[in-house]
Structures are given as C-alpha cells and as structure tokens.
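**Q** File name work00.pdb; file contents PDB, C-alpha atoms; full text below.
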```pdb
ATOM      1  CA  MET A 224     142.082 131.109  89.530
ATOM      2  CA  SER A 225     139.562 132.080  92.196
ATOM      3  CA  ASP A 226     139.693 130.246  95.507
ATOM      4  CA  LYS A 227     136.231 131.390  96.535
ATOM      5  CA  MET A 228     133.972 128.510  97.505
ATOM      6  CA  SER A 229     130.333 127.997  96.705
ATOM      7  CA  LEU A 230     127.973 127.379  99.612
ATOM      8  CA  LYS A 231     127.735 123.705  98.608
ATOM      9  CA  GLN A 232     131.524 123.333  98.608
ATOM     10  CA  ALA A 233     131.802 125.105 101.952
ATOM     11  CA  VAL A 234     129.145 122.846 103.482
ATOM     12  CA  GLN A 235     130.846 119.750 102.036
ATOM     13  CA  LYS A 236     134.272 120.775 103.320
ATOM     14  CA  SER A 237     132.879 121.620 106.759
ATOM     15  CA  LEU A 238     130.987 118.321 106.838
ATOM     16  CA  GLN A 239     134.205 116.459 106.056
ATOM     17  CA  VAL A 240     136.043 118.174 108.936
ATOM     18  CA  PHE A 241     133.013 117.790 111.199
ATOM     19  CA  LYS A 242     132.647 114.077 110.457
ATOM     20  CA  SER A 243     136.170 113.249 111.589
ATOM     21  CA  PHE A 244     135.755 115.602 114.534
ATOM     22  CA  LEU A 245     132.545 113.836 115.643
ATOM     23  CA  LEU A 246     134.234 110.425 115.499
ATOM     24  CA  MET A 247     137.114 111.714 117.619
ATOM     25  CA  MET A 248     134.797 113.582 119.977
ATOM     26  CA  PHE A 249     132.505 110.606 120.587
ATOM     27  CA  GLY A 250     135.571 108.423 121.134
ATOM     28  CA  ILE A 251     136.983 110.870 123.697
ATOM     29  CA  LEU A 252     133.611 111.308 125.447
ATOM     30  CA  LEU A 253     133.209 107.540 125.693
ATOM     31  CA  LEU A 254     136.761 107.230 127.028
ATOM     32  CA  ILE A 255     136.462 109.951 129.676
ATOM     33  CA  ASN A 256     133.123 108.621 130.895
ATOM     34  CA  LEU A 257     134.711 105.228 131.366
ATOM     35  CA  ILE A 258     137.916 106.563 132.964
ATOM     36  CA  ASN A 259     135.944 108.948 135.182
ATOM     37  CA  LEU A 260     134.237 106.022 136.907
ATOM     38  CA  PHE A 261     137.645 104.697 137.964
ATOM     39  CA  VAL A 262     139.625 107.850 138.719
ATOM     40  CA  ARG A 263     137.091 110.423 139.949
ATOM     41  CA  ASP A 264     137.959 109.589 143.566
ATOM     42  CA  TYR A 265     141.634 110.419 142.947
ATOM     43  CA  TYR A 266     141.240 113.829 141.242
ATOM     44  CA  SER A 267     141.547 115.625 144.565
ATOM     45  CA  GLU A 268     144.956 113.969 145.105
ATOM     46  CA  ILE A 269     146.293 114.847 141.615
ATOM     47  CA  PHE A 270     144.881 118.379 141.527
ATOM     48  CA  THR A 271     145.431 119.908 144.930
ATOM     49  CA  GLY A 272     144.669 123.535 144.091
ATOM     50  CA  ASN A 273     148.390 124.394 144.071
ATOM     51  CA  LEU A 274     148.981 127.548 142.026
ATOM     52  CA  LEU A 275     151.929 126.058 140.105
ATOM     53  CA  LEU A 276     151.436 122.297 140.214
ATOM     54  CA  ASP A 277     147.825 122.277 138.981
ATOM     55  CA  PRO A 278     148.506 124.221 135.762
ATOM     56  CA  LEU A 279     151.736 122.256 135.262
ATOM     57  CA  VAL A 280     149.886 118.929 135.333
ATOM     58  CA  GLY A 281     147.119 120.390 133.134
ATOM     59  CA  ALA A 282     149.678 121.751 130.666
ATOM     60  CA  LEU A 283     151.506 118.413 130.477
ATOM     61  CA  ALA A 284     148.260 116.547 129.791
ATOM     62  CA  GLY A 285     147.280 119.035 127.059
ATOM     63  CA  SER A 286     150.729 118.884 125.428
ATOM     64  CA  PHE A 287     150.381 115.199 124.671
ATOM     65  CA  SER A 288     146.781 115.452 123.481
ATOM     66  CA  PHE A 289     145.602 116.830 120.207
ATOM     67  CA  GLY A 290     142.458 117.433 118.218
ATOM     68  CA  MET A 291     140.044 120.242 117.534
ATOM     69  CA  PRO A 292     139.955 122.881 120.304
ATOM     70  CA  ILE A 293     136.275 122.189 120.986
ATOM     71  CA  THR A 294     137.175 118.688 122.158
ATOM     72  CA  SER A 295     139.401 120.178 124.853
ATOM     73  CA  TYR A 296     136.552 122.500 125.934
ATOM     74  CA  ILE A 297     134.128 119.598 126.249
ATOM     75  CA  LEU A 298     136.697 117.473 128.063
ATOM     76  CA  GLY A 299     137.711 120.423 130.259
ATOM     77  CA  GLY A 300     134.072 121.230 131.021
ATOM     78  CA  GLU A 301     133.384 117.695 132.145
ATOM     79  CA  LEU A 302     136.549 117.622 134.272
ATOM     80  CA  LEU A 303     135.503 120.937 135.820
ATOM     81  CA  SER A 304     132.206 119.371 136.862
ATOM     82  CA  GLU A 305     134.276 116.583 138.462
ATOM     83  CA  GLY A 306     135.876 119.208 140.689
ATOM     84  CA  ILE A 307     139.198 119.809 138.932
ATOM     85  CA  SER A 308     140.443 123.396 139.264
ATOM     86  CA  LEU A 309     139.804 125.898 136.497
ATOM     87  CA  LEU A 310     143.507 126.751 136.729
ATOM     88  CA  ALA A 311     144.515 123.263 135.600
ATOM     89  CA  ILE A 312     141.823 123.147 132.933
ATOM     90  CA  THR A 313     142.824 126.515 131.470
ATOM     91  CA  SER A 314     146.421 125.398 130.956
ATOM     92  CA  PHE A 315     145.135 122.086 129.580
ATOM     93  CA  ILE A 316     142.961 123.885 127.008
ATOM     94  CA  LEU A 317     145.856 126.170 126.041
ATOM     95  CA  THR A 318     148.466 123.471 125.496
ATOM     96  CA  TRP A 319     145.925 121.274 123.692
ATOM     97  CA  THR A 320     146.165 123.588 120.669
ATOM     98  CA  THR A 321     149.461 125.421 121.119
ATOM     99  CA  VAL A 322     151.797 122.611 122.172
ATOM    100  CA  GLY A 323     151.791 119.558 119.951
ATOM    101  CA  MET A 324     154.189 116.863 121.103
ATOM    102  CA  VAL A 325     152.493 114.343 118.802
ATOM    103  CA  MET A 326     152.703 116.689 115.810
ATOM    104  CA  LEU A 327     156.203 117.982 116.607
ATOM    105  CA  PRO A 328     158.003 115.959 113.895
ATOM    106  CA  LEU A 329     155.542 117.229 111.289
ATOM    107  CA  GLU A 330     155.948 120.836 112.434
ATOM    108  CA  MET A 331     159.744 120.461 112.375
ATOM    109  CA  SER A 332     159.692 119.134 108.827
ATOM    110  CA  PHE A 333     157.651 122.047 107.477
ATOM    111  CA  LEU A 334     158.712 124.976 109.661
ATOM    112  CA  GLY A 335     162.167 123.999 110.897
ATOM    113  CA  LYS A 336     163.477 122.145 113.940
ATOM    114  CA  ARG A 337     164.607 125.213 115.876
ATOM    115  CA  PHE A 338     161.362 127.090 115.206
ATOM    116  CA  ALA A 339     159.179 124.152 116.295
ATOM    117  CA  LEU A 340     161.144 123.472 119.491
ATOM    118  CA  VAL A 341     161.317 127.133 120.538
ATOM    119  CA  ARG A 342     157.641 127.736 119.728
ATOM    120  CA  ASN A 343     156.386 124.701 121.630
ATOM    121  CA  GLY A 344     158.635 125.449 124.618
ATOM    122  CA  ILE A 345     157.464 129.054 124.893
ATOM    123  CA  ASN A 346     153.840 128.018 124.434
ATOM    124  CA  PHE A 347     154.156 125.565 127.314
ATOM    125  CA  ILE A 348     155.490 128.261 129.666
ATOM    126  CA  PHE A 349     152.906 130.774 128.443
ATOM    127  CA  SER A 350     150.047 128.337 129.057
ATOM    128  CA  ILE A 351     150.919 128.211 132.768
ATOM    129  CA  LEU A 352     151.416 131.961 132.949
ATOM    130  CA  ILE A 353     148.154 132.753 131.122
ATOM    131  CA  SER A 354     146.127 130.288 133.181
ATOM    132  CA  ILE A 355     147.334 131.965 136.400
ATOM    133  CA  LEU A 356     146.557 135.411 134.955
ATOM    134  CA  VAL A 357     143.078 134.340 133.796
ATOM    135  CA  ILE A 358     142.121 133.005 137.221
ATOM    136  CA  PHE A 359     143.598 136.077 138.898
ATOM    137  CA  THR A 360     141.633 138.395 136.572
ATOM    138  CA  LEU A 361     138.411 136.437 137.092
ATOM    139  CA  ASN A 362     138.855 136.719 140.853
ATOM    140  CA  VAL A 363     139.530 140.463 140.685
ATOM    141  CA  LEU A 364     136.482 141.195 138.464
TER     142      LEU A 364
ATOM    143  CA  MET B 165     144.723  89.755  92.307
ATOM    144  CA  SER B 166     144.782  91.830  95.447
ATOM    145  CA  LYS B 167     142.034  94.350  95.974
ATOM    146  CA  ARG B 168     143.026  97.524  97.807
ATOM    147  CA  ARG B 169     140.693  98.131 100.727
ATOM    148  CA  PRO B 170     139.672 101.714 101.565
ATOM    149  CA  LYS B 171     142.008 103.087 104.243
ATOM    150  CA  MET B 172     140.422 103.562 107.667
ATOM    151  CA  ASN B 173     141.035 107.016 109.091
ATOM    152  CA  ASN B 174     142.674 107.515 112.488
ATOM    153  CA  GLN B 175     139.548 108.981 114.076
ATOM    154  CA  LEU B 176     137.519 105.884 113.166
ATOM    155  CA  LYS B 177     140.333 103.615 114.408
ATOM    156  CA  PHE B 178     140.335 105.547 117.689
ATOM    157  CA  LEU B 179     136.543 105.227 118.100
ATOM    158  CA  LEU B 180     136.661 101.493 117.314
ATOM    159  CA  ALA B 181     139.485 101.014 119.823
ATOM    160  CA  ILE B 182     137.344 102.690 122.518
ATOM    161  CA  ILE B 183     134.334 100.514 121.622
ATOM    162  CA  PHE B 184     136.607  97.475 121.892
ATOM    163  CA  LEU B 185     137.727  98.701 125.331
ATOM    164  CA  TYR B 186     134.060  98.984 126.362
ATOM    165  CA  LEU B 187     133.470  95.398 125.248
ATOM    166  CA  ILE B 188     136.378  94.167 127.377
ATOM    167  CA  VAL B 189     135.141  96.112 130.421
ATOM    168  CA  ALA B 190     131.573  94.826 129.778
ATOM    169  CA  LEU B 191     132.855  91.261 130.018
ATOM    170  CA  LEU B 192     134.325  92.076 133.435
ATOM    171  CA  ASP B 193     131.543  94.301 134.806
ATOM    172  CA  ILE B 194     128.509  95.230 132.717
ATOM    173  CA  GLY B 195     127.376  97.730 135.365
ATOM    174  CA  ILE B 196     130.387  99.999 134.776
ATOM    175  CA  VAL B 197     129.693 100.092 131.050
ATOM    176  CA  GLU B 198     126.014 100.880 131.631
ATOM    177  CA  ASN B 199     126.903 103.815 133.883
ATOM    178  CA  ALA B 200     129.524 105.093 131.447
ATOM    179  CA  LEU B 201     127.078 104.873 128.505
ATOM    180  CA  ILE B 202     124.308 106.690 130.388
ATOM    181  CA  ASN B 203     126.733 109.512 131.279
ATOM    182  CA  PHE B 204     127.957 109.568 127.673
ATOM    183  CA  LEU B 205     124.400 109.906 126.307
ATOM    184  CA  ILE B 206     123.503 112.699 128.751
ATOM    185  CA  MET B 207     126.725 114.549 127.865
ATOM    186  CA  SER B 208     126.206 114.091 124.098
ATOM    187  CA  LEU B 209     122.588 115.324 124.165
ATOM    188  CA  LYS B 210     123.628 118.448 126.069
ATOM    189  CA  ILE B 211     126.095 119.526 123.394
ATOM    190  CA  VAL B 212     123.944 118.955 120.262
ATOM    191  CA  PRO B 213     122.696 122.594 120.026
ATOM    192  CA  VAL B 214     126.251 123.884 120.529
ATOM    193  CA  LEU B 215     127.535 121.607 117.765
ATOM    194  CA  CYS B 216     124.864 122.888 115.342
ATOM    195  CA  LEU B 217     126.007 126.462 115.949
ATOM    196  CA  VAL B 218     129.645 125.415 115.557
ATOM    197  CA  PHE B 219     128.870 123.867 112.178
ATOM    198  CA  ILE B 220     127.118 126.973 110.837
ATOM    199  CA  ILE B 221     130.058 129.209 111.807
ATOM    200  CA  MET B 222     132.511 126.747 110.242
ATOM    201  CA  VAL B 223     130.649 126.971 106.914
ATOM    202  CA  LEU B 224     130.711 130.787 107.026
ATOM    203  CA  ILE B 225     134.463 130.818 107.656
ATOM    204  CA  GLU B 226     135.083 128.352 104.822
ATOM    205  CA  LEU B 227     133.081 130.674 102.551
ATOM    206  CA  TYR B 228     134.798 133.921 103.377
ATOM    207  CA  PHE B 229     138.275 133.208 104.799
ATOM    208  CA  THR B 230     140.073 130.898 102.411
ATOM    209  CA  LYS B 231     143.695 129.898 103.036
ATOM    210  CA  LYS B 232     144.761 131.545  99.766
ATOM    211  CA  ARG B 233     143.213 134.841 100.762
ATOM    212  CA  VAL B 234     144.816 134.674 104.197
ATOM    213  CA  GLY B 235     148.206 133.876 102.637
ATOM    214  CA  LYS B 236     148.005 137.033 100.514
ATOM    215  CA  TYR B 237     148.107 139.264 103.588
ATOM    216  CA  LEU B 238     150.942 137.510 105.401
ATOM    217  CA  GLY B 239     153.704 137.709 102.857
ATOM    218  CA  SER B 240     157.165 139.132 103.503
ATOM    219  CA  LYS B 241     156.075 142.685 102.625
ATOM    220  CA  SER B 242     153.140 142.793 104.998
ATOM    221  CA  GLY B 243     154.931 145.150 107.469
ATOM    222  CA  ILE B 244     153.234 146.221 110.673
ATOM    223  CA  LYS B 245     149.874 145.264 109.161
ATOM    224  CA  GLY B 246     151.240 141.721 108.953
ATOM    225  CA  TRP B 247     150.980 141.387 112.731
ATOM    226  CA  PHE B 248     147.348 142.395 112.619
ATOM    227  CA  TYR B 249     146.633 140.055 109.720
ATOM    228  CA  ALA B 250     148.531 137.240 111.467
ATOM    229  CA  ILE B 251     146.289 137.571 114.533
ATOM    230  CA  ILE B 252     143.107 137.700 112.442
ATOM    231  CA  SER B 253     144.262 134.791 110.250
ATOM    232  CA  GLY B 254     145.115 132.622 113.246
ATOM    233  CA  ILE B 255     141.648 133.242 114.638
ATOM    234  CA  LEU B 256     139.735 132.786 111.386
ATOM    235  CA  ILE B 257     141.585 130.069 109.508
ATOM    236  CA  SER B 258     140.016 126.664 109.985
ATOM    237  CA  GLY B 259     141.264 123.099 110.156
ATOM    238  CA  PRO B 260     143.783 121.301 112.343
ATOM    239  CA  ALA B 261     147.294 122.778 112.714
ATOM    240  CA  TYR B 262     148.896 120.014 110.676
ATOM    241  CA  THR B 263     146.817 121.021 107.644
ATOM    242  CA  LEU B 264     148.285 124.518 107.999
ATOM    243  CA  TYR B 265     151.944 123.437 108.135
ATOM    244  CA  PRO B 266     152.317 123.013 104.343
ATOM    245  CA  LEU B 267     150.753 126.456 103.711
ATOM    246  CA  LEU B 268     152.851 128.141 106.414
ATOM    247  CA  GLY B 269     155.939 126.279 105.204
ATOM    248  CA  GLU B 270     155.363 127.734 101.730
ATOM    249  CA  LEU B 271     154.858 131.218 103.182
ATOM    250  CA  LYS B 272     158.075 130.859 105.175
ATOM    251  CA  LYS B 273     159.933 129.943 101.993
ATOM    252  CA  ASN B 274     158.457 133.079 100.432
ATOM    253  CA  GLY B 275     159.785 135.270 103.229
ATOM    254  CA  MET B 276     157.194 135.149 105.974
ATOM    255  CA  LYS B 277     158.829 135.920 109.306
ATOM    256  CA  ASN B 278     159.044 133.387 112.147
ATOM    257  CA  SER B 279     157.274 135.886 114.392
ATOM    258  CA  LEU B 280     154.184 135.979 112.167
ATOM    259  CA  LEU B 281     154.182 132.197 111.824
ATOM    260  CA  ALA B 282     154.157 131.908 115.615
ATOM    261  CA  VAL B 283     151.398 134.517 115.913
ATOM    262  CA  VAL B 284     149.175 132.682 113.411
ATOM    263  CA  LEU B 285     149.670 129.368 115.194
ATOM    264  CA  TYR B 286     149.124 130.841 118.665
ATOM    265  CA  ASN B 287     145.874 132.559 117.748
ATOM    266  CA  ARG B 288     144.430 129.262 116.588
ATOM    267  CA  ASN B 289     143.442 129.026 120.245
ATOM    268  CA  VAL B 290     140.767 131.656 119.679
ATOM    269  CA  LYS B 291     138.367 129.752 117.478
ATOM    270  CA  ILE B 292     135.203 131.725 116.784
ATOM    271  CA  PRO B 293     133.125 128.682 115.762
ATOM    272  CA  PHE B 294     133.961 126.980 119.057
ATOM    273  CA  LEU B 295     133.456 129.977 121.346
ATOM    274  CA  PRO B 296     129.798 129.078 122.032
ATOM    275  CA  ALA B 297     131.041 125.759 123.441
ATOM    276  CA  MET B 298     133.596 127.557 125.628
ATOM    277  CA  VAL B 299     130.921 129.964 126.886
ATOM    278  CA  TYR B 300     128.627 127.018 127.585
ATOM    279  CA  TYR B 301     131.213 125.224 129.718
ATOM    280  CA  PHE B 302     133.197 128.066 131.316
ATOM    281  CA  GLY B 303     131.067 131.209 131.058
ATOM    282  CA  LEU B 304     131.265 134.427 129.056
ATOM    283  CA  ASN B 305     133.746 136.211 131.351
ATOM    284  CA  PHE B 306     136.227 133.351 131.191
ATOM    285  CA  THR B 307     135.915 133.150 127.390
ATOM    286  CA  ILE B 308     136.489 136.884 126.877
ATOM    287  CA  ILE B 309     139.391 137.107 129.348
ATOM    288  CA  LEU B 310     141.151 134.006 128.013
ATOM    289  CA  SER B 311     140.708 135.116 124.385
ATOM    290  CA  LEU B 312     142.142 138.569 125.144
ATOM    291  CA  TYR B 313     145.151 137.092 126.953
ATOM    292  CA  ILE B 314     145.798 134.721 124.044
ATOM    293  CA  ILE B 315     145.771 137.598 121.552
ATOM    294  CA  ILE B 316     148.053 139.770 123.742
ATOM    295  CA  PHE B 317     150.470 136.926 124.502
ATOM    296  CA  SER B 318     150.581 135.906 120.834
ATOM    297  CA  ILE B 319     152.520 139.135 120.185
ATOM    298  CA  PHE B 320     155.050 138.356 122.957
ATOM    299  CA  ASN B 321     155.156 134.835 121.582
ATOM    300  CA  GLY B 322     155.966 136.089 118.094
ATOM    301  CA  LYS B 323     158.695 138.422 119.367
ATOM    302  CA  ILE B 324     160.390 135.740 121.497
ATOM    303  CA  VAL B 325     160.160 133.077 118.783
ATOM    304  CA  GLU B 326     161.643 135.545 116.288
ATOM    305  CA  LEU B 327     164.489 136.286 118.690
ATOM    306  CA  LEU B 328     165.287 132.685 119.619
ATOM    307  CA  ALA B 329     164.359 130.738 116.498
ATOM    308  CA  SER B 330     166.065 133.067 114.053
ATOM    309  CA  LYS B 331     169.500 132.798 115.682
ATOM    310  CA  ARG B 332     171.761 130.853 113.347
ATOM    311  CA  GLY B 333     168.766 130.269 111.034
TER     312      GLY B 333
END
```
Just dump the structure as structure tokens.
**A**
Amino acid sequence: MSDKMSLKQAVQKSLQVFKSFLLMMFGILLLINLINLFVRDYYSEIFTGNLLLDPLVGALAGSFSFGMPITSYILGGELLSEGISLLAITSFILTWTTVGMVMLPLEMSFLGKRFALVRNGINFIFSILISILVIFTLNVL
Amino acid sequence: MSKRRPKMNNQLKFLLAIIFLYLIVALLDIGIVENALINFLIMSLKIVPVLCLVFIIMVLIELYFTKKRVGKYLGSKSGIKGWFYAIISGILISGPAYTLYPLLGELKKNGMKNSLLAVVLYNRNVKIPFLPAMVYYFGLNFTIILSLYIIIFSIFNGKIVELLASKRG
C-alpha cells in the first residue's frame, strides 16, 4: 500500500495541524500580551544577564511548556523585544521542543522510562550549553 | 437518551480559558484589556506573511516525507547511514513529538537503536517550515548557528543516550 499523499490530502492534513496550532498560538499571544503588561517591569530582575542563571531560567520555562516550535519563536521574539537576553531565549526555545515535562509520561510509555528520563535530562543540560555557545559564536563573528 | 457532544480539543479549551481570563480582567480594568488586545492585533498582523510561508512548506513536507518512508530508512540495519537518515528525518518529519512516539515505539520494537531515536527527537528542533519565523525574530546568523549546533549536538546526544539508557535495558 502506498503512503504517498495527494496534494489535496497534504493540504487537508496540514490544515488540520495548522488549525490547532493557530488556536494555541492565538491563545498564547493573548496570554503573553496580558501578562506582559503586569510583569514587563520585573524582567530585568528575573533576567540579569548572568551567563548561567539566565539560560537556566529560560530552560526551566521551556521545559514545562510545549507546542509547535514556531510558538516558542514567536514568544521568544516578543520577549526579546521586551529586553530579555538572547541567552535565556535560546535555551527557552531549545527546551520547548527537546524537553517535555508535560509529555514525559507519554514518552515513557512508548519509548521506555530510562530512555525518556536520560534523554530529557541530557537535553536540558545541552540547551544551556548550546545557548552559551550560540551567543559566544554570534559575538565572535 | 443521551446525545454524545463533540469533544472539544485542548487547544480550543486553552483559547477559551484565555478569553475567559480577559473577561475577568476587563471587569476589573477595561484599559488593561484594551492595551493587551491592541498589542495582540499588532503582533498577529506582523506574523501573517510568515505563517503563509510556514503553511506552504508544511504541505510540501507532508507530500514528500511521509512517516512510513522515514521509518524505512531508520530500521535496525541502517548502519552508519542510519545516523544521517535520523538527522534528516528529525528535521523533515512533521507533527508534534507525541504523534511520533507510537511510530518511534514501533521502530524501537523492530530494533531501532536508542541513539537514533534520540537523534530523531533532538533534530525536531530544526524545523524547516518554521525557519522563516526564526529568521524574522532572531536573524539569519542566529538561525544558521543554532541549527548547526543542534545538528552537531544531536550526535553527542545520541551517543550519550545510547550509553546511559541502554544500561540494564
């Protein structure tokens, strides 16, 4: 049996994914615009520009969030314009997709408990490491 | 006789919960809600062209990179090429991670190594359809550098996961 899709099927499947993504994205955009009005004055206290603390906080926030990667880019982009460091946002973007605390039970059930715990743990550490390396590389170039 | 109502999806529930939150805040201070909605509209209008591009790329990937086809190249006998295919699959395969778990679970049962599973999942961070959005927000240099680091670190990731997760099964 061929698994090749027709253009119509591909459009329909993409529309289905896109529809749920748009609902989630609009919900998140509405939420951050509301929260921003209350917390924008405190960002400078949470994100101090510290090389280790900023990505750690970003990575923690991303680990407990989930959704399509583009949502994290949009959210990260808006937070960047609020003055949050790119270091924190990079680790946030990374853990958004690679560390899934919410989806952990599901991952354990399909791929094994040990695999899921090890993978998520390493991804968390890597997100901090990569975010530092990315900022370092950007500064060098 | 009880009629079964159509189940509301989680995304819609989330959006409705946020709208409800707006209503509560509006009762307390309508000015805050007005400001938040204006910012929301400006933000949404800015990303419309990016979303159109994202949709077109998603359709192309659905057409040419089906899960079945990807699965074919990641089996237990994939060898060194398996690493390459794992990276490419992680980048090209679409949908949220939880939709991939059943497929990857099946592949694992059929002999796919933990390392390749980890590589596929890690490279989901490099999503071609969403790269225009990343470039828009963070710039081309950032997007290229981050994507390269993700691909390089996915190999380390696979090796470490293989080492740690495969001990005592």
**Q** Please write as a ChimeraX atom specification the full residue list that the PyMOL selection byres ((chain A and resi 340) around 12) yields on this file.
**A** /A:321-324,326-332,334-339,341-347 /B:282,325,328-329
**Q** Starting from the displayed file, determine the output of the PyMOL selection byres ((chain A and resi 358-362) around 9) and express the residue list as a list of chain:residue names.
**A**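 So the PyMOL selection byres ((chain A and resi 358-362) around 9) ends up selecting A:Leu309, A:Leu310, A:Thr313, A:Ile353, A:Ser354, A:Ile355, A:Leu356, A:Val357, A:Val363, A:Leu364, B:Asn305, B:Phe306, B:Ile309.
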**Q** Could you check which of A:Ile251, A:Ile312, A:Leu352, A:Leu317 is closest to Leu180 (chain B), using only C-alpha atoms?
**A**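 Among the listed residues, the smallest separation from Leu180 (chain B) belongs to A:Ile251.
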**Q** Can you measure CA of Phe302 (chain B) to CA of Asn289 (chain B) for me? One decimal in Å is fine.
**A**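 Computing it gives 15.1 Å between the two atoms.
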**Q** On this structure, the PyMOL selection byres ((chain A and resi 235-237) around 8) would catch which residues? List them as an MDAnalysis selection string, sorted by chain and number.
**A** (chainID A and resid 231:234 238:241) or (chainID B and resid 219 222:223 226)
**Q** Taking into account all atoms listed in the file, which residue in the set A:Ser288, A:Thr320, A:Ser308, A:Ser350 is nearest to chain B?
**A**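 Distance minimum relative to chain B lands on A:Thr320.
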**Q** Step by step: start from the point (135.8, 116.1, 113.6) in the file's coordinates, keep every protein, DNA or RNA residue that has an atom no farther than 10 Å from it, count all atoms listed in the file, and write the set as a VMD selection string.
**A** (chain A and resid 237 to 249 290 to 291 293 to 294) or (chain B and resid 175 259 to 260)
**Q** With a distance cut-off of 10 Å and all atoms listed in the file, select the neighbouring residues of Leu276 (chain A), excluding the residue or stretch itself and same-chain residues fewer than 5 positions from it, and output the selection as a list in words.
**A** Ile269, Phe270, Thr271, Gly281, Ala282, Leu310, Ala311 and Ile351 of chain A
**Q** Nearest residue to Ile252 (chain B) out of B:Val197, B:Val212, B:Leu285, B:Ile221, using only C-alpha atoms?
**A**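 Using only C-alpha atoms, the shortest distance to Ile252 (chain B) belongs to B:Leu285.
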**Q** What is the CA of Met298 (chain B) to CA of Tyr265 (chain B) distance in Å?
**A**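 Between CA of Met298 (chain B) and CA of Tyr265 (chain B) the gap works out to 25.7 Å.
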**Q** Using Å and a single decimal, report how far CA of Leu295 (chain B) sits from CA of Ala200 (chain B).
**A** 27.1 Å
**Q** Skip Ala181 (chain B) itself and residues of its chain fewer than 5 positions away, then list as a list in words all residues within 9 Å of it, counting all atoms listed in the file.
**A**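 Once the nearby chain positions are removed, what remains is Gly250 of chain A; Leu176 and Tyr186 of chain B.
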**Q** List the neighbours of Ile244 (chain B) out to 12 Å using all atoms listed in the file; skip same-chain residues closer than 5 positions along the sequence, and give me the result as a PDB file with C-alpha atoms, in the coordinates of the input.
**A**
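So result30.pdb came out as:
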```pdb
ATOM      1  CA  TYR B 237     148.107 139.264 103.588  1.00  0.00           C
ATOM      2  CA  LEU B 238     150.942 137.510 105.401  1.00  0.00           C
ATOM      3  CA  GLY B 239     153.704 137.709 102.857  1.00  0.00           C
ATOM      4  CA  TYR B 249     146.633 140.055 109.720  1.00  0.00           C
ATOM      5  CA  ALA B 250     148.531 137.240 111.467  1.00  0.00           C
ATOM      6  CA  ILE B 251     146.289 137.571 114.533  1.00  0.00           C
ATOM      7  CA  LYS B 277     158.829 135.920 109.306  1.00  0.00           C
ATOM      8  CA  SER B 279     157.274 135.886 114.392  1.00  0.00           C
ATOM      9  CA  LEU B 280     154.184 135.979 112.167  1.00  0.00           C
ATOM     10  CA  ILE B 319     152.520 139.135 120.185  1.00  0.00           C
TER      11      ILE B 319
END
```
**Q** Which residue, A:Leu298, A:Leu252, A:Leu257, A:Ile316, has the smallest gap to Val280 (chain A) when you use all atoms listed in the file?
**A**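 Using all atoms listed in the file, Val280 (chain A) sits closest to A:Ile316.
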**Q** Name the closest residue to chain B among the candidates A:Leu283, A:Pro278, A:Gly272, A:Glu301; distances are taken between atoms, counting only C-alpha atoms.
**A**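 Ranked by minimum distance to chain B, first place goes to A:Glu301.
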**Q** Could you write out as lines of an AutoDock Vina configuration file the box around region 321-329 of chain A (axis-aligned, all atoms listed in the file, 3 Å on each side), with centre and edge lengths in Å to one decimal?
**A**
```
center_x = 153.7
center_y = 119.9
center_z = 116.7
size_x = 14.5
size_y = 17.1
size_z = 16.9
```
